[in-house]
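Reviewing the structure listed below.
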Amino acid sequence: MGVPTPLTDEEIAERLAALPGWERTGDEITRTYPIRYHAAVAAIVTIADRSRRVQHHADLDLRMDHLRAAITTHDANYRLTEADFDLARRIDEIVAAHQALPLD
């Protein structure tokens, strides 16, 4: 398997449009989920397992009332690739399954 191909700015914009809540910050995509602490811990375990299976990992930042995910492809010199958007979709599904609800 070779080095992943970085996406163009146009390709990135197109993929971001299909992922509500995600935004581009330089050469990574990020999203912050309002989620209760213990639900986020459970989500992180599932995200870690899924990431291991697809061989692509996000940087995760857990706080008391939210979880922030940041994704880029290290093997592509920290540029955005298709793998980043695939992982973002997977993380959205995992967090939704762990009841990421707006806090009161």
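Just so we're on the same page: first chain in the structure tokens is A, next is B, and so on; residues restart at 1 for each chain, and ligands are numbered from 1 in the order they show up.
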Worksheet entry | Exercise: region 68-85 of chain A partners within 8 Å, only C-alpha atoms, chain neighbours under 2 positions left out, as a PyMOL selection string | chain A and resi 3-7+12+15-16+27-33+56-62+66+87-89
Dump N, CA and C atoms for the selected residues as an mmCIF file, in the first residue's frame?
```cif
data_model
loop_
_atom_site.group_PDB
_atom_site.id
_atom_site.type_symbol
_atom_site.label_atom_id
_atom_site.label_comp_id
_atom_site.auth_asym_id
_atom_site.auth_seq_id
_atom_site.Cartn_x
_atom_site.Cartn_y
_atom_site.Cartn_z
ATOM 1 N N VAL A 3 1.530 5.649 -0.419
ATOM 2 C CA VAL A 3 1.137 6.857 0.297
ATOM 3 C C VAL A 3 -0.233 7.300 -0.208
ATOM 4 N N PRO A 4 -1.156 7.590 0.701
ATOM 5 C CA PRO A 4 -2.487 8.067 0.269
ATOM 6 C C PRO A 4 -2.377 9.378 -0.508
ATOM 7 N N THR A 5 -3.269 9.558 -1.459
ATOM 8 C CA THR A 5 -3.275 10.758 -2.284
ATOM 9 C C THR A 5 -4.032 11.884 -1.586
ATOM 10 N N PRO A 6 -3.378 13.027 -1.376
ATOM 11 C CA PRO A 6 -4.083 14.168 -0.777
ATOM 12 C C PRO A 6 -5.190 14.665 -1.709
ATOM 13 N N LEU A 7 -6.252 15.155 -1.098
ATOM 14 C CA LEU A 7 -7.376 15.710 -1.854
ATOM 15 C C LEU A 7 -7.104 17.165 -2.212
ATOM 16 N N ILE A 12 -12.071 18.545 -0.994
ATOM 17 C CA ILE A 12 -12.276 18.681 0.452
ATOM 18 C C ILE A 12 -13.584 19.415 0.729
ATOM 19 N N ARG A 15 -16.575 17.144 0.096
ATOM 20 C CA ARG A 15 -16.762 16.123 1.134
ATOM 21 C C ARG A 15 -17.243 16.734 2.448
ATOM 22 N N LEU A 16 -16.741 17.920 2.773
ATOM 23 C CA LEU A 16 -17.198 18.601 3.990
ATOM 24 C C LEU A 16 -18.684 18.940 3.913
ATOM 25 N N ASP A 27 -4.939 21.751 7.636
ATOM 26 C CA ASP A 27 -4.910 20.462 6.962
ATOM 27 C C ASP A 27 -5.491 19.346 7.821
ATOM 28 N N GLU A 28 -6.506 19.684 8.602
ATOM 29 C CA GLU A 28 -7.252 18.666 9.341
ATOM 30 C C GLU A 28 -8.720 19.047 9.349
ATOM 31 N N ILE A 29 -9.557 18.050 9.608
ATOM 32 C CA ILE A 29 -10.977 18.319 9.805
ATOM 33 C C ILE A 29 -11.288 18.052 11.263
ATOM 34 N N THR A 30 -12.187 18.874 11.824
ATOM 35 C CA THR A 30 -12.498 18.770 13.248
ATOM 36 C C THR A 30 -14.006 18.829 13.470
ATOM 37 N N ARG A 31 -14.407 18.231 14.569
ATOM 38 C CA ARG A 31 -15.795 18.346 15.006
ATOM 39 C C ARG A 31 -15.823 18.216 16.526
ATOM 40 N N THR A 32 -16.675 19.018 17.146
ATOM 41 C CA THR A 32 -16.887 18.924 18.585
ATOM 42 C C THR A 32 -18.305 18.438 18.831
ATOM 43 N N TYR A 33 -18.429 17.380 19.616
ATOM 44 C CA TYR A 33 -19.722 16.778 19.933
ATOM 45 C C TYR A 33 -20.105 17.115 21.366
ATOM 46 N N HIS A 56 -6.567 3.844 10.659
ATOM 47 C CA HIS A 56 -6.556 5.301 10.551
ATOM 48 C C HIS A 56 -7.095 5.845 11.861
ATOM 49 N N HIS A 57 -6.424 6.821 12.444
ATOM 50 C CA HIS A 57 -6.748 7.262 13.792
ATOM 51 C C HIS A 57 -6.995 8.763 13.864
ATOM 52 N N ALA A 58 -7.917 9.136 14.734
ATOM 53 C CA ALA A 58 -8.213 10.543 15.000
ATOM 54 C C ALA A 58 -7.523 10.963 16.291
ATOM 55 N N ASP A 59 -7.263 12.247 16.415
ATOM 56 C CA ASP A 59 -6.855 12.815 17.695
ATOM 57 C C ASP A 59 -8.143 13.148 18.433
ATOM 58 N N LEU A 60 -8.287 12.638 19.646
ATOM 59 C CA LEU A 60 -9.511 12.831 20.422
ATOM 60 C C LEU A 60 -9.194 13.600 21.691
ATOM 61 N N ASP A 61 -10.041 14.572 22.005
ATOM 62 C CA ASP A 61 -9.882 15.412 23.193
ATOM 63 C C ASP A 61 -11.176 15.337 23.992
ATOM 64 N N LEU A 62 -11.125 14.684 25.135
ATOM 65 C CA LEU A 62 -12.303 14.485 25.986
ATOM 66 C C LEU A 62 -12.343 15.538 27.082
ATOM 67 N N HIS A 66 -17.976 17.541 26.443
ATOM 68 C CA HIS A 66 -17.845 17.417 24.993
ATOM 69 C C HIS A 66 -16.630 16.567 24.607
ATOM 70 N N LEU A 87 -13.282 8.124 7.999
ATOM 71 C CA LEU A 87 -13.222 8.019 9.458
ATOM 72 C C LEU A 87 -14.187 9.002 10.115
ATOM 73 N N ALA A 88 -14.324 10.195 9.570
ATOM 74 C CA ALA A 88 -15.264 11.179 10.125
ATOM 75 C C ALA A 88 -16.691 10.623 10.113
ATOM 76 N N ARG A 89 -17.082 9.994 9.003
ATOM 77 C CA ARG A 89 -18.423 9.389 8.931
ATOM 78 C C ARG A 89 -18.584 8.294 9.985
#
```
Worksheet item: Where does DSSP see strand (DSSP E or B) in chain A, if you list the residues as a list in words?
Response: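 Restricting chain A to strand (DSSP E or B) produces Glu23, Arg24, Thr25, Glu28, Ile29, Thr30, Arg31, Thr32, Tyr33, Pro34, Asp59, Leu60, Asp61, Leu62, His66, Leu67, Arg68, Ala69, Ala70, Ile71, Thr73 and Arg79 of chain A.
Proximity to Arg53 (chain A) was assessed for A:Pro20, A:Thr25, A:Arg90, A:Asp65 counting only C-alpha atoms; the smallest distance is recorded for A:Arg90.
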Practice prompt. Give me every helix (DSSP H, G or I) residue in region 14-66 of chain A, going by DSSP on the backbone, as a list in words.
Written response: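 Checking each residue of region 14-66 of chain A, the helix (DSSP H, G or I) ones are Glu14, Arg15, Leu16, Ala17, Tyr37, His38, Ala39, Ala40, Val41, Ala42, Ala43, Ile44, Val45, Thr46, Ile47, Ala48, Asp49, Arg50, Ser51, Arg52, Arg53 and Val54 of chain A.
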Item to complete: For CA of Ala96 (chain A) and CA of Met64 (chain A), determine how far apart the two atoms are, in Å to one decimal place.
Response: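 Rounded to one decimal, the two atoms are 17.5 Å apart.
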